[in-house]
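K.L.:
One structure follows; several queries about it will come next.
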Amino acid sequence: MDGFNDLGDFAPATIDELLALAKRLETHPEPRALEGKVLALLFLSPSLRTQTSFQAAMGRLGGSSFIVRPDLGIHGLEMRSGVVMDGDTAEHIREAIPVLASYGDVFGIRAFANKASLEADIEDRDFEMLRELSTVPVINMESAIRHPCQSLADWKTMDDIGVPRAGGKFVLSWANHPKALPLAVPASTVHMAAMRGMDVTVLRPEGFALPDAVMARARTAAEVSGGSVRESDDPRDALSGAHVVYAKAWSSASTYGVAEADAELKKDLGSWCVDDSWFDGAAEDCRFMHCLPVRRGVVVTAKVLEGPRSVVIQQAGNRMRVQMAVLHEILAGQEAL
Amino acid sequence: MDGFNDLGDFAPATIDELLALAKRLETHPEPRALEGKVLALLFLSPSLRTQTSFQAAMGRLGGSSFIVRPDLGIHGLEMRSGVVMDGDTAEHIREAIPVLASYGDVFGIRAFANKASLEADIEDRDFEMLRELSTVPVINMESAIRHPCQSLADWKTMDDIGVPRAGGKFVLSWANHPKALPLAVPASTVHMAAMRGMDVTVLRPEGFALPDAVMARARTAAEVSGGSVRESDDPRDALSGAHVVYAKAWSSASTYGVAEADAELKKDLGSWCVDDSWFDGAAEDCRFMHCLPVRRGVVVTAKVLEGPRSVVIQQAGNRMRVQMAVLHEILAGQEAL
Amino acid sequence: MDGFNDLGDFAPATIDELLALAKRLETHPEPRALEGKVLALLFLSPSLRTQTSFQAAMGRLGGSSFIVRPDLGIHGLEMRSGVVMDGDTAEHIREAIPVLASYGDVFGIRAFANKASLEADIEDRDFEMLRELSTVPVINMESAIRHPCQSLADWKTMDDIGVPRAGGKFVLSWANHPKALPLAVPASTVHMAAMRGMDVTVLRPEGFALPDAVMARARTAAEVSGGSVRESDDPRDALSGAHVVYAKAWSSASTYGVAEADAELKKDLGSWCVDDSWFDGAAEDCRFMHCLPVRRGVVVTAKVLEGPRSVVIQQAGNRMRVQMAVLHEILAGQEAL
């Protein structure tokens with residue numbers, strides 16, 4: 001496997017193989033499978049789960065990892081092309097990436113959307129530039145428009161708890177938030193649920209529709225899988241019969257990159273906080289999902305978050321398990337450096 | 001062994017087994033004992049020795065570790081209950097702890113006293129709340145009132161250098177310091193020395209008596225072990241015949257949580273800095289102990305600290321050794337995740 | 001091998017053995033060679049390549065490492081002797097170094113020049129003080145006047161690409177830079193090239209001659225190796241027939257430690273930026289070298305840096321490879337702690 005950038009790069013059979021491998025490693029640990037192998041980790045954006053679950057994943061397979069963050073005792077990274085570097089940044093990403101890649105056997109990179117351009121972020125231009133600079137396989141640890149490790153973990157979580165693929169009703173719901181958040185998780189999530197063959201509804205208030213390109217990609221995936229994708233701004237309609245409510249805040253496409261305008265757009269949307277009433281017309285065993293971190297009392301009530309419908313801890317736990325499978329698939333049997 | 005929170009949770013025979021295991025691992029390394037095992041480390045307070053000695057301990061036994069600190073590229077951790085998270089913190093400890101626990105086989109947590117309430121800190125309420133959120137065994141890496149890894153290392157150090165248990169005279173002395181320091185080390189130390197069967201004197205100036213609950217707990221331990229516990233504000237009396245002078249600064253209970261009032265209380269106590277004269281009436285081979293970090297010229301003179309009585313480097317070195325024993329005891333033979 | 005502080009501490013035959021070991025480990029990995037071994041890493045100055053290449057090197061050999069940086073959640077390190085520690089720093093390096101050394105089997109330390117005194121920095125007084133405090137072998141990860149890991153990697157890089165030893169023409173050229181940089185890399189580089197038996201020219205503008213002691217040391221090395229060392233301020237003369245142009249910015253000795261005076265001295269030296277024209281009279285396959293990080297458009301043009309002459313990524317990649325050899329040589333077969 002030559003890196004892990006987008007669930008859509010893989011056939012459904014490959015997804016199932018990864019999930020089977022994740023399951024096998026849970027019951028049959030392989031603490032020497034990756035001995036001597038090194039995972040390079042570059043965080044251009046913050047992380048709790050991603051960093052720790054990748055480090056733990058390598059450790060459980062006998063390998064090791066190292067972490068670079070621009071805030072951590074390095075000289076400052078320049079990302080712009082063609083710039084004369086007579087200012088604060090002392091090192092260009094065009095040297096840093098190939099150098100760090102040469103120390104690892106696989107390279108995890110996180111770089112959130114810079115929000116200068118919706119079009120550029122949907123095309124993931126920054127991340128693609130970073131990815132091309134690496135000489136070893138790259139794992140996308142969340143870019144402007146993708147979060148494939150989260151999506152694979154979410155897929156596994158639904159399998160684990162018995163949420164049906166075909167016929168499963170998946171609601172991705174916008175939620176309120178004090179900040180204007182990027183599109184990576186909602187875009188990846190709607191695509192993942194469509195790939196999984198589910199009937200997907202994107203529930204969001206006026207003004208918060210996901211970009212057309214994101215919806216079109218999910219619809220194409222649904223055509224292949226036998227699922228469906230629709231949009232709604234009516235919670236009662238959207239949630240009826242739902243097996244999963246996946247809450248997530250995201251920025252409006254219309255005010256993309258302008259936090260103040262986004263805040264103005266949602267100033268009366270405080271009711272978009274998932275509480276018990278959201279589940280009134282849902283399936284009896286409807287689950288609550290979220291990628292974490294989550295704002296209590298803003299995105300979801302503490303009662304729902306800590307209640308029996310919530311599987312957020314399992315989702316996070318599955319991050320490590322699916323990443324073990326991805327790392328194993330990329331590295332085990334790989335030739336020595 | 002289901003975690004490591006307080007020396008008092010263990011019978012003396014278990015303490016001796018841990019110390020014997022530490023000794024055995026010094027001479028008979030087991031570099032594969034913990035292969036594939038992962039130690040999660042959460043530092044809500046600063047650390048030099050604790051972080052590095054735990055990482056080294058896991059490495060020497062073939063396992064790995066990962067570190068989380070709120071200052072390090074994460075989204076900010078909320079600890080308050082029932083709060084609406086519309087401010088700076090993006091993640092609640094009620095999600096963060098179980099998630100991080102799910103990536104590890106054992107979980108080291110450090111959280112110093114928040115000093116809002118002496119009673120709450122003596123009961124270690126914050127730490128108990130954190131500990132209960134973990135789904136894997138927890139190691140206390142210093143809480144409001146406990147530092148069991150330090151105490152076990154100190155016990156080992158006294159064994160190593162031949163300080164007697166029964167009949168050994170142990171003086172825990174208050175020392176001057178520019179800051180108002182917490183009670184974890186003095187509370188753990190007096191209890192450890194009492195458990196070890198020693199005759200313990202807590203030497204401190206007027207106003208700096210340890211809280212009654214701390215003294216009562218040490219006296220109870222002494223009753224079991226055959227040791228004794230007393231207090232004194234007279235250095236000459238306290239130090240007479242001492243085998244160990246263990247210096248440590250701590251806050252006054254009367255001004256707990258109010259740094260300015262604490263500073264006012266000790267403004268004339270600059271002489272409470274251990275120098276050669278303190279050992280005039282002590283046992284000939286009386287040792288100087290301190291948990292580090294230590295303020296030279298304030299807590300102790302450089303001459304004493306670097307002189308032949310000082311065993312502070314050995315104490316710190318034994319941190320790694322006893323933690324290897326604790327980790328080995330908790331993890332070796334533990335079922336796979 | 002009892003540490004790694006200066007290439008000049010080793011006979012040429014030992015250098016060749018290290019380079020042969022590095023080559024062997026590339027083709028014959030030993031992922032268990034250092035199992036249970038621990039590398040302590042103390043960074044008193046920033047790092048990207050050094051930290052990550054050392055961590056990766058230990059991981060590839062089955063060992064582990066831990067990192068301490070004063071900015072990272074520790075209490076602040078005091079380096080001055082004889083000070084009363086009633087201020088911000090809570091721990092003295094005289095405790096910190098031996099404690100951290102006791103957790104490792106080998107100790108990498110980085111401490112850039114403090115620039116208080118040129119004489120003290122040339123004698124590497126601060127680093128020697130730190131080195132003497134360690135109880136395990138020390139690896140110099142860049143001090144005031146030395147960067148032996150970089151120099152060994154550069155030596156290997158020239159061997160790898162076929163730059164001749166005897167008769168090879170090596171130009172170390174000063175380059176422009178917005179900051180006043182230390183002498184460690186130029187001093188190490190001129191000495192390394194002389195040790196390697198090359199004909200070395202130090203090319204620099206008026207006022208930027210390397211200190212006499214640095215030049216004298218290189219000349220002594222050249223006498224042993226059969227190489228030569230000269231200086232020039234004429235690029236055309238210096239670069240004629242060159243096999244290697246190694247660019248590096250450094251401070252003027254005459255304004256050492258005074259950044260503003262250094263900036264004034266070089267205010268008209270913006271043309272000291274390596275571009276294609278520098279290679280007009282050079283050997284046809286003349287290579288461009290730099291230790292990184294490098295300022296594009298200031299030290300070297302992006303065109304040269306990314307062009308076929310540039311071997312900067314290989315140099316950086318060889319950092320890991322030679323450090324694996326150094327760690328293997330120091331640690332493999334070493335007695336257990």
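Quick note on naming: the chains in the structure tokens go A, B, ... in the order shown, residues restart at 1 in each chain, and ligands are numbered from 1 in order of appearance.
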Skip Ala101 (chain C) itself and residues of its chain fewer than 5 positions away, then list as an NGL selection string all residues within 12 Å of it, counting only C-alpha atoms.
P.N.:
(:B and (49 or 52-53 or 56 or 313-314 or 316-317 or 320)) or (:C and (38-42 or 65-68 or 93-96 or 106-109 or 130-139 or 337))
K.L.:
With N, CA and C atoms retained, export the selected residues as a CSV table (one decimal), in the first residue's frame.
P.N.:
chain,number,residue,atom,x,y,z
B,49,ARG,N,12.5,14.9,35.8
B,49,ARG,CA,12.9,13.5,36.1
B,49,ARG,C,11.7,12.5,35.9
B,52,THR,N,11.3,11.8,32.0
B,52,THR,CA,12.4,11.1,31.4
B,52,THR,C,12.7,9.7,32.0
B,53,SER,N,12.5,9.6,33.4
B,53,SER,CA,12.7,8.3,34.0
B,53,SER,C,11.6,7.3,33.6
B,56,ALA,N,12.5,6.3,30.0
B,56,ALA,CA,13.7,5.4,30.0
B,56,ALA,C,13.3,4.0,30.5
B,313,ILE,N,21.5,12.6,43.8
B,313,ILE,CA,21.6,12.0,42.4
B,313,ILE,C,21.2,10.5,42.5
B,314,GLN,N,21.6,9.8,43.5
B,314,GLN,CA,21.1,8.4,43.7
B,314,GLN,C,19.6,8.4,43.8
B,316,ALA,N,17.4,10.4,42.6
B,316,ALA,CA,16.8,10.6,41.3
B,316,ALA,C,17.0,9.4,40.4
B,317,GLY,N,18.2,8.8,40.4
B,317,GLY,CA,18.5,7.6,39.6
B,317,GLY,C,17.6,6.4,40.0
B,320,MET,N,14.0,5.9,38.2
B,320,MET,CA,13.9,5.0,37.0
B,320,MET,C,13.8,3.5,37.5
C,38,VAL,N,19.2,3.2,25.9
C,38,VAL,CA,18.5,4.5,26.0
C,38,VAL,C,19.4,5.6,25.7
C,39,LEU,N,19.0,6.4,24.8
C,39,LEU,CA,19.7,7.7,24.4
C,39,LEU,C,19.1,8.9,25.1
C,40,ALA,N,19.8,9.5,26.0
C,40,ALA,CA,19.3,10.8,26.6
C,40,ALA,C,19.6,11.9,25.6
C,41,LEU,N,18.7,12.8,25.4
C,41,LEU,CA,18.9,14.0,24.5
C,41,LEU,C,18.6,15.3,25.2
C,42,LEU,N,19.5,16.1,25.3
C,42,LEU,CA,19.3,17.5,25.9
C,42,LEU,C,19.6,18.5,24.9
C,65,SER,N,14.8,6.6,23.0
C,65,SER,CA,15.4,7.9,23.4
C,65,SER,C,14.4,8.7,24.1
C,66,PHE,N,14.9,9.7,24.9
C,66,PHE,CA,14.0,10.7,25.4
C,66,PHE,C,14.6,12.1,25.2
C,67,ILE,N,13.8,13.1,25.2
C,67,ILE,CA,14.2,14.5,24.9
C,67,ILE,C,13.9,15.4,26.1
C,68,VAL,N,14.9,16.3,26.4
C,68,VAL,CA,14.7,17.4,27.3
C,68,VAL,C,15.0,18.7,26.6
C,93,ILE,N,22.0,22.9,36.3
C,93,ILE,CA,22.5,21.9,35.4
C,93,ILE,C,23.4,20.9,36.1
C,94,ARG,N,24.0,21.3,37.3
C,94,ARG,CA,24.9,20.3,38.0
C,94,ARG,C,24.1,19.2,38.6
C,95,GLU,N,22.8,19.3,38.8
C,95,GLU,CA,22.0,18.2,39.2
C,95,GLU,C,21.4,17.6,37.9
C,96,ALA,N,20.9,18.4,37.0
C,96,ALA,CA,20.1,17.9,35.8
C,96,ALA,C,20.9,17.0,35.0
C,106,VAL,N,23.9,6.6,26.9
C,106,VAL,CA,24.7,7.6,26.2
C,106,VAL,C,23.9,8.9,26.2
C,107,PHE,N,24.6,10.0,26.0
C,107,PHE,CA,23.9,11.3,26.3
C,107,PHE,C,24.3,12.3,25.2
C,108,GLY,N,23.3,12.6,24.3
C,108,GLY,CA,23.5,13.7,23.3
C,108,GLY,C,23.2,15.0,23.9
C,109,ILE,N,24.1,16.0,23.7
C,109,ILE,CA,23.9,17.3,24.3
C,109,ILE,C,24.1,18.4,23.1
C,130,LEU,N,29.6,21.0,30.7
C,130,LEU,CA,28.4,20.1,30.6
C,130,LEU,C,28.9,18.7,30.4
C,131,ARG,N,29.8,18.5,29.5
C,131,ARG,CA,30.3,17.1,29.2
C,131,ARG,C,30.9,16.4,30.5
C,132,GLU,N,31.6,17.2,31.2
C,132,GLU,CA,32.3,16.6,32.4
C,132,GLU,C,31.2,16.2,33.5
C,133,LEU,N,30.1,16.8,33.4
C,133,LEU,CA,29.0,16.5,34.4
C,133,LEU,C,28.3,15.1,34.1
C,134,SER,N,28.5,14.6,32.9
C,134,SER,CA,27.9,13.4,32.6
C,134,SER,C,28.6,12.2,33.0
C,135,THR,N,27.9,11.2,33.4
C,135,THR,CA,28.6,9.9,33.9
C,135,THR,C,28.5,8.8,32.8
C,136,VAL,N,27.9,9.2,31.6
C,136,VAL,CA,27.9,8.2,30.5
C,136,VAL,C,28.5,8.9,29.3
C,137,PRO,N,28.9,8.2,28.3
C,137,PRO,CA,29.5,8.8,27.1
C,137,PRO,C,28.6,9.9,26.5
C,138,VAL,N,29.3,11.0,26.1
C,138,VAL,CA,28.5,12.2,25.6
C,138,VAL,C,28.8,12.3,24.1
C,139,ILE,N,27.7,12.5,23.3
C,139,ILE,CA,27.8,12.9,21.9
C,139,ILE,C,27.5,14.4,21.8
C,337,LEU,N,23.4,-1.6,32.4
C,337,LEU,CA,23.4,-0.5,33.4
C,337,LEU,C,23.7,-1.1,34.7
K.L.:
Listing only residues of chain A within 10 Å of chain C, what is the closest atom pair and its distance in Å (to one decimal) for each, using only C-alpha atoms, sorted by chain and residue number ascending, as JSON lines?
P.N.:
{"residue": "A:Arg32", "atom": "CA", "partner": "C:Pro31", "partner_atom": "CA", "distance": 9.9}
{"residue": "A:Leu34", "atom": "CA", "partner": "C:Pro31", "partner_atom": "CA", "distance": 9.5}
{"residue": "A:Glu35", "atom": "CA", "partner": "C:Pro31", "partner_atom": "CA", "distance": 6.0}
{"residue": "A:Gly36", "atom": "CA", "partner": "C:Arg60", "partner_atom": "CA", "distance": 4.0}
{"residue": "A:Lys37", "atom": "CA", "partner": "C:Arg60", "partner_atom": "CA", "distance": 6.1}
{"residue": "A:Val38", "atom": "CA", "partner": "C:Ala56", "partner_atom": "CA", "distance": 6.3}
{"residue": "A:Leu39", "atom": "CA", "partner": "C:Ala56", "partner_atom": "CA", "distance": 8.5}
{"residue": "A:Ala40", "atom": "CA", "partner": "C:Thr52", "partner_atom": "CA", "distance": 8.4}
{"residue": "A:Leu41", "atom": "CA", "partner": "C:Thr52", "partner_atom": "CA", "distance": 9.9}
{"residue": "A:Gly62", "atom": "CA", "partner": "C:Gly62", "partner_atom": "CA", "distance": 8.6}
{"residue": "A:Gly63", "atom": "CA", "partner": "C:Gly59", "partner_atom": "CA", "distance": 7.0}
{"residue": "A:Ser64", "atom": "CA", "partner": "C:Gly59", "partner_atom": "CA", "distance": 5.6}
{"residue": "A:Ser65", "atom": "CA", "partner": "C:Ala56", "partner_atom": "CA", "distance": 7.3}
{"residue": "A:Phe66", "atom": "CA", "partner": "C:Thr52", "partner_atom": "CA", "distance": 6.2}
{"residue": "A:Ile67", "atom": "CA", "partner": "C:Thr52", "partner_atom": "CA", "distance": 7.6}
{"residue": "A:Val68", "atom": "CA", "partner": "C:Leu48", "partner_atom": "CA", "distance": 7.4}
{"residue": "A:Arg69", "atom": "CA", "partner": "C:Leu48", "partner_atom": "CA", "distance": 9.4}
{"residue": "A:Pro70", "atom": "CA", "partner": "C:Leu48", "partner_atom": "CA", "distance": 9.2}
{"residue": "A:Leu72", "atom": "CA", "partner": "C:Leu72", "partner_atom": "CA", "distance": 8.3}
{"residue": "A:Gly73", "atom": "CA", "partner": "C:Pro46", "partner_atom": "CA", "distance": 4.6}
{"residue": "A:Ile74", "atom": "CA", "partner": "C:Pro46", "partner_atom": "CA", "distance": 5.1}
{"residue": "A:His75", "atom": "CA", "partner": "C:Pro46", "partner_atom": "CA", "distance": 6.7}
{"residue": "A:Gly76", "atom": "CA", "partner": "C:Leu48", "partner_atom": "CA", "distance": 9.6}
{"residue": "A:Leu77", "atom": "CA", "partner": "C:Pro293", "partner_atom": "CA", "distance": 9.7}
{"residue": "A:Glu78", "atom": "CA", "partner": "C:Arg295", "partner_atom": "CA", "distance": 9.7}
{"residue": "A:Ser81", "atom": "CA", "partner": "C:Ala302", "partner_atom": "CA", "distance": 9.5}
{"residue": "A:Gly82", "atom": "CA", "partner": "C:Ala302", "partner_atom": "CA", "distance": 7.6}
{"residue": "A:Val83", "atom": "CA", "partner": "C:Arg296", "partner_atom": "CA", "distance": 7.3}
{"residue": "A:Val84", "atom": "CA", "partner": "C:Gly297", "partner_atom": "CA", "distance": 4.7}
{"residue": "A:Met85", "atom": "CA", "partner": "C:Arg295", "partner_atom": "CA", "distance": 5.2}
{"residue": "A:Asp86", "atom": "CA", "partner": "C:Pro178", "partner_atom": "CA", "distance": 5.9}
{"residue": "A:Gly87", "atom": "CA", "partner": "C:Pro178", "partner_atom": "CA", "distance": 7.6}
{"residue": "A:Asp88", "atom": "CA", "partner": "C:Pro178", "partner_atom": "CA", "distance": 9.3}
{"residue": "A:Thr89", "atom": "CA", "partner": "C:Arg295", "partner_atom": "CA", "distance": 8.3}
{"residue": "A:Ala90", "atom": "CA", "partner": "C:Arg295", "partner_atom": "CA", "distance": 5.9}
{"residue": "A:Glu91", "atom": "CA", "partner": "C:Pro293", "partner_atom": "CA", "distance": 5.0}
{"residue": "A:His92", "atom": "CA", "partner": "C:Val294", "partner_atom": "CA", "distance": 7.7}
{"residue": "A:Arg94", "atom": "CA", "partner": "C:Glu306", "partner_atom": "CA", "distance": 8.9}
{"residue": "A:Glu95", "atom": "CA", "partner": "C:Ile313", "partner_atom": "CA", "distance": 7.0}
{"residue": "A:Ala96", "atom": "CA", "partner": "C:Pro293", "partner_atom": "CA", "distance": 8.3}
{"residue": "A:Ile97", "atom": "CA", "partner": "C:Ile313", "partner_atom": "CA", "distance": 9.8}
{"residue": "A:Pro98", "atom": "CA", "partner": "C:Ile313", "partner_atom": "CA", "distance": 7.0}
{"residue": "A:Val99", "atom": "CA", "partner": "C:Ile313", "partner_atom": "CA", "distance": 5.9}
{"residue": "A:Leu100", "atom": "CA", "partner": "C:Arg49", "partner_atom": "CA", "distance": 7.4}
{"residue": "A:Ala101", "atom": "CA", "partner": "C:Gly317", "partner_atom": "CA", "distance": 9.0}
{"residue": "A:Ser102", "atom": "CA", "partner": "C:Gly317", "partner_atom": "CA", "distance": 5.7}
{"residue": "A:Tyr103", "atom": "CA", "partner": "C:Ala56", "partner_atom": "CA", "distance": 6.1}
{"residue": "A:Gly104", "atom": "CA", "partner": "C:Ala56", "partner_atom": "CA", "distance": 7.1}
{"residue": "A:Asp105", "atom": "CA", "partner": "C:Ala56", "partner_atom": "CA", "distance": 9.9}
{"residue": "A:Ala336", "atom": "CA", "partner": "C:Pro29", "partner_atom": "CA", "distance": 6.9}
{"residue": "A:Leu337", "atom": "CA", "partner": "C:Glu26", "partner_atom": "CA", "distance": 6.5}
K.L.:
List every residue of region 102-199 of chain C that has an atom at most 7 Å from any atom of region 229-247 of chain C, and for each one report the closest atom pair and its distance in Å to one decimal, counting only C-alpha atoms, with rows sorted by chain and then by increasing residue number, as a tab-separated table.
P.N.:
residue	atom	partner	partner_atom	distance
C:Val163	CA	C:His243	CA	6.8
C:Gly168	CA	C:His243	CA	6.3
C:Lys169	CA	C:Ala242	CA	4.9
C:Phe170	CA	C:Val244	CA	5.0
C:Val171	CA	C:Val245	CA	4.9
C:Leu172	CA	C:Tyr246	CA	4.8
C:Ser173	CA	C:Ala247	CA	4.8
C:Trp174	CA	C:Ala247	CA	5.9
C:Ala175	CA	C:Ala247	CA	6.0
C:Ala194	CA	C:Val229	CA	6.9
C:Asp199	CA	C:Val229	CA	6.1
K.L.:
Which one of B:Ala184, B:Ala22, B:Glu128, B:Met1 sits closest to Thr157 (chain B) if you count only C-alpha atoms?
P.N.:
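Closest residue, counting only C-alpha atoms: B:Ala22.
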K.L.:
From a DSSP calculation on the backbone, collect every residue of region 87-173 of chain B in alpha helix (DSSP H) and output the set as a compact mmCIF listing (two decimals) with C-alpha atoms, in the first residue's frame.
P.N.:
# COMPACT_ATOMS: atom_id res chain seq x y z
CA ILE B 93 -10.89 15.72 30.50
CA ARG B 94 -13.90 13.35 30.62
CA GLU B 95 -13.24 12.45 26.99
CA ALA B 96 -9.46 12.97 26.99
CA ILE B 97 -8.65 10.57 29.85
CA PRO B 98 -10.61 7.53 28.61
CA VAL B 99 -9.37 8.08 25.06
CA LEU B 100 -5.71 8.29 26.09
CA ALA B 101 -6.23 5.33 28.44
CA SER B 102 -7.51 3.30 25.49
CA TYR B 103 -4.19 3.83 23.69
CA LEU B 118 -6.64 22.40 51.63
CA GLU B 119 -9.29 19.85 52.51
CA ALA B 120 -9.90 18.93 48.86
CA ASP B 121 -6.17 18.63 48.24
CA ILE B 122 -5.60 16.44 51.29
CA ARG B 125 -10.18 14.98 45.02
CA ASP B 126 -8.98 16.18 41.61
CA PHE B 127 -6.64 13.28 41.15
CA GLU B 128 -9.21 10.73 42.29
CA MET B 129 -11.59 12.16 39.69
CA LEU B 130 -8.94 11.78 36.97
CA ARG B 131 -8.01 8.31 38.16
CA GLU B 132 -11.59 7.09 38.02
CA LEU B 133 -11.87 8.19 34.39
CA PRO B 148 4.56 7.47 45.62
CA CYS B 149 7.26 6.96 42.95
CA GLN B 150 9.51 9.43 44.74
CA SER B 151 8.85 7.78 48.08
CA LEU B 152 9.62 4.30 46.78
CA ALA B 153 12.84 5.61 45.21
CA ASP B 154 13.77 7.25 48.51
CA TRP B 155 13.09 4.02 50.41
CA LYS B 156 15.33 2.14 47.96
CA THR B 157 18.04 4.78 48.31
CA MET B 158 18.11 4.39 52.08
CA ASP B 159 18.27 0.60 51.69
CA ASP B 160 21.08 0.95 49.15
K.L.:
Among region 35-86 of chain A, which residues carry a DSSP assignment of strand (DSSP E or B), reported as a list in words?
P.N.:
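Selection result, strand (DSSP E or B) within region 35-86 of chain A: Val38, Leu39, Ala40, Leu41, Leu42, Phe43, Ser64, Ser65, Phe66, Ile67, Val68, Leu77 and Glu78 of chain A.
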K.L.:
Can you write just those residues out, C-alpha atoms, as a compact mmCIF listing (two decimals), in the first residue's frame?
P.N.:
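Listed below is the output, result-v7.txt:
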# COMPACT_ATOMS: atom_id res chain seq x y z
CA VAL A 38 10.26 4.43 11.91
CA LEU A 39 7.18 6.62 11.53
CA ALA A 40 7.93 10.31 10.91
CA LEU A 41 5.17 12.60 12.20
CA LEU A 42 4.83 16.24 11.14
CA PHE A 43 2.12 18.31 12.80
CA SER A 64 9.08 3.77 16.79
CA SER A 65 8.16 7.30 15.79
CA PHE A 66 9.36 10.86 16.06
CA ILE A 67 7.39 14.10 16.10
CA VAL A 68 8.05 17.50 14.54
CA LEU A 77 9.10 26.49 8.54
CA GLU A 78 8.53 28.47 5.34
K.L.:
Please list as a ChimeraX atom specification every residue within 7 Å of Arg146 (chain A), counting only C-alpha atoms and excluding residues in the same chain fewer than 2 positions away.
P.N.:
/A:6,142-144,148,184-185,187-188
K.L.:
Restrict the selected residues to N, CA and C atoms and save them as a compact mmCIF listing (two decimals), in the first residue's frame.
P.N.:
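Saved result, selection.txt, follows:
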# COMPACT_ATOMS: atom_id res chain seq x y z
N ASP A 6 -6.84 8.93 1.18
CA ASP A 6 -8.27 9.15 0.93
C ASP A 6 -8.91 7.78 0.86
N GLU A 142 -5.01 14.43 8.53
CA GLU A 142 -6.01 15.48 8.39
C GLU A 142 -5.43 16.66 7.61
N SER A 143 -6.04 16.86 6.46
CA SER A 143 -5.66 17.97 5.59
C SER A 143 -6.85 18.91 5.47
N ALA A 144 -6.82 19.79 4.49
CA ALA A 144 -7.90 20.77 4.33
C ALA A 144 -9.25 20.08 4.12
N PRO A 148 -8.87 10.69 6.50
CA PRO A 148 -9.19 9.29 6.20
C PRO A 148 -9.02 8.35 7.39
N ALA A 184 -12.73 19.26 6.66
CA ALA A 184 -12.12 17.94 6.47
C ALA A 184 -13.01 16.82 7.02
N VAL A 185 -13.45 16.96 8.27
CA VAL A 185 -14.23 15.87 8.86
C VAL A 185 -15.60 15.72 8.19
N ALA A 187 -16.56 16.53 5.18
CA ALA A 187 -16.38 16.04 3.81
C ALA A 187 -15.99 14.57 3.80
N SER A 188 -15.07 14.18 4.69
CA SER A 188 -14.66 12.77 4.76
C SER A 188 -15.79 11.89 5.25
K.L.:
For the atom pair CA of Lys115 (chain C) and CA of Ile145 (chain C), what is the interatomic distance in Å to one decimal place?
P.N.:
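A separation of 10.8 Å between them.
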K.L.:
Distance CA of Ala111 (chain B)-CA of Leu183 (chain B), one decimal place?
P.N.:
12.6 Å
K.L.:
Could you pull the residues within 10 Å of region 219-223 of chain B, counting only C-alpha atoms, minus those fewer than 6 positions along the same chain, as an MDAnalysis selection string?
P.N.:
chainID B and resid 8 190:200 213 229:230
K.L.:
The selected residues should be written to file as a short mmCIF file (atom, residue, chain, number, x, y, z; two decimals), in the first residue's frame (atoms: N, CA and C atoms).
P.N.:
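Here's the written file result-v4.cif:
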data_model
loop_
_atom_site.label_atom_id
_atom_site.label_comp_id
_atom_site.auth_asym_id
_atom_site.auth_seq_id
_atom_site.Cartn_x
_atom_site.Cartn_y
_atom_site.Cartn_z
N GLY B 8 0.86 3.42 50.87
CA GLY B 8 0.03 2.82 51.91
C GLY B 8 -0.95 1.79 51.40
N VAL B 190 6.97 11.78 54.90
CA VAL B 190 6.81 11.45 56.32
C VAL B 190 6.10 10.11 56.47
N HIS B 191 5.16 9.85 55.59
CA HIS B 191 4.43 8.58 55.63
C HIS B 191 5.34 7.41 55.25
N MET B 192 6.16 7.61 54.23
CA MET B 192 7.09 6.56 53.80
C MET B 192 8.08 6.21 54.90
N ALA B 193 8.67 7.23 55.53
CA ALA B 193 9.67 6.97 56.58
C ALA B 193 9.03 6.26 57.77
N ALA B 194 7.78 6.64 58.05
CA ALA B 194 7.06 5.96 59.14
C ALA B 194 6.77 4.51 58.77
N MET B 195 6.30 4.28 57.55
CA MET B 195 6.06 2.90 57.07
C MET B 195 7.32 2.06 57.13
N ARG B 196 8.47 2.72 56.89
CA ARG B 196 9.75 2.00 56.86
C ARG B 196 10.23 1.65 58.28
N GLY B 197 9.46 2.08 59.30
CA GLY B 197 9.80 1.72 60.67
C GLY B 197 10.77 2.66 61.34
N MET B 198 10.99 3.83 60.77
CA MET B 198 11.99 4.76 61.29
C MET B 198 11.39 5.66 62.38
N ASP B 199 12.29 6.29 63.12
CA ASP B 199 11.88 7.32 64.09
C ASP B 199 11.95 8.66 63.38
N VAL B 200 10.78 9.21 63.12
CA VAL B 200 10.66 10.36 62.23
C VAL B 200 10.40 11.64 63.02
N ALA B 213 -4.16 15.92 59.40
CA ALA B 213 -4.50 14.67 58.72
C ALA B 213 -3.24 13.98 58.19
N VAL B 229 6.65 8.98 65.19
CA VAL B 229 6.56 10.26 64.49
C VAL B 229 6.37 11.38 65.51
N ARG B 230 7.22 12.40 65.42
CA ARG B 230 7.04 13.55 66.30
C ARG B 230 7.35 14.82 65.52
#
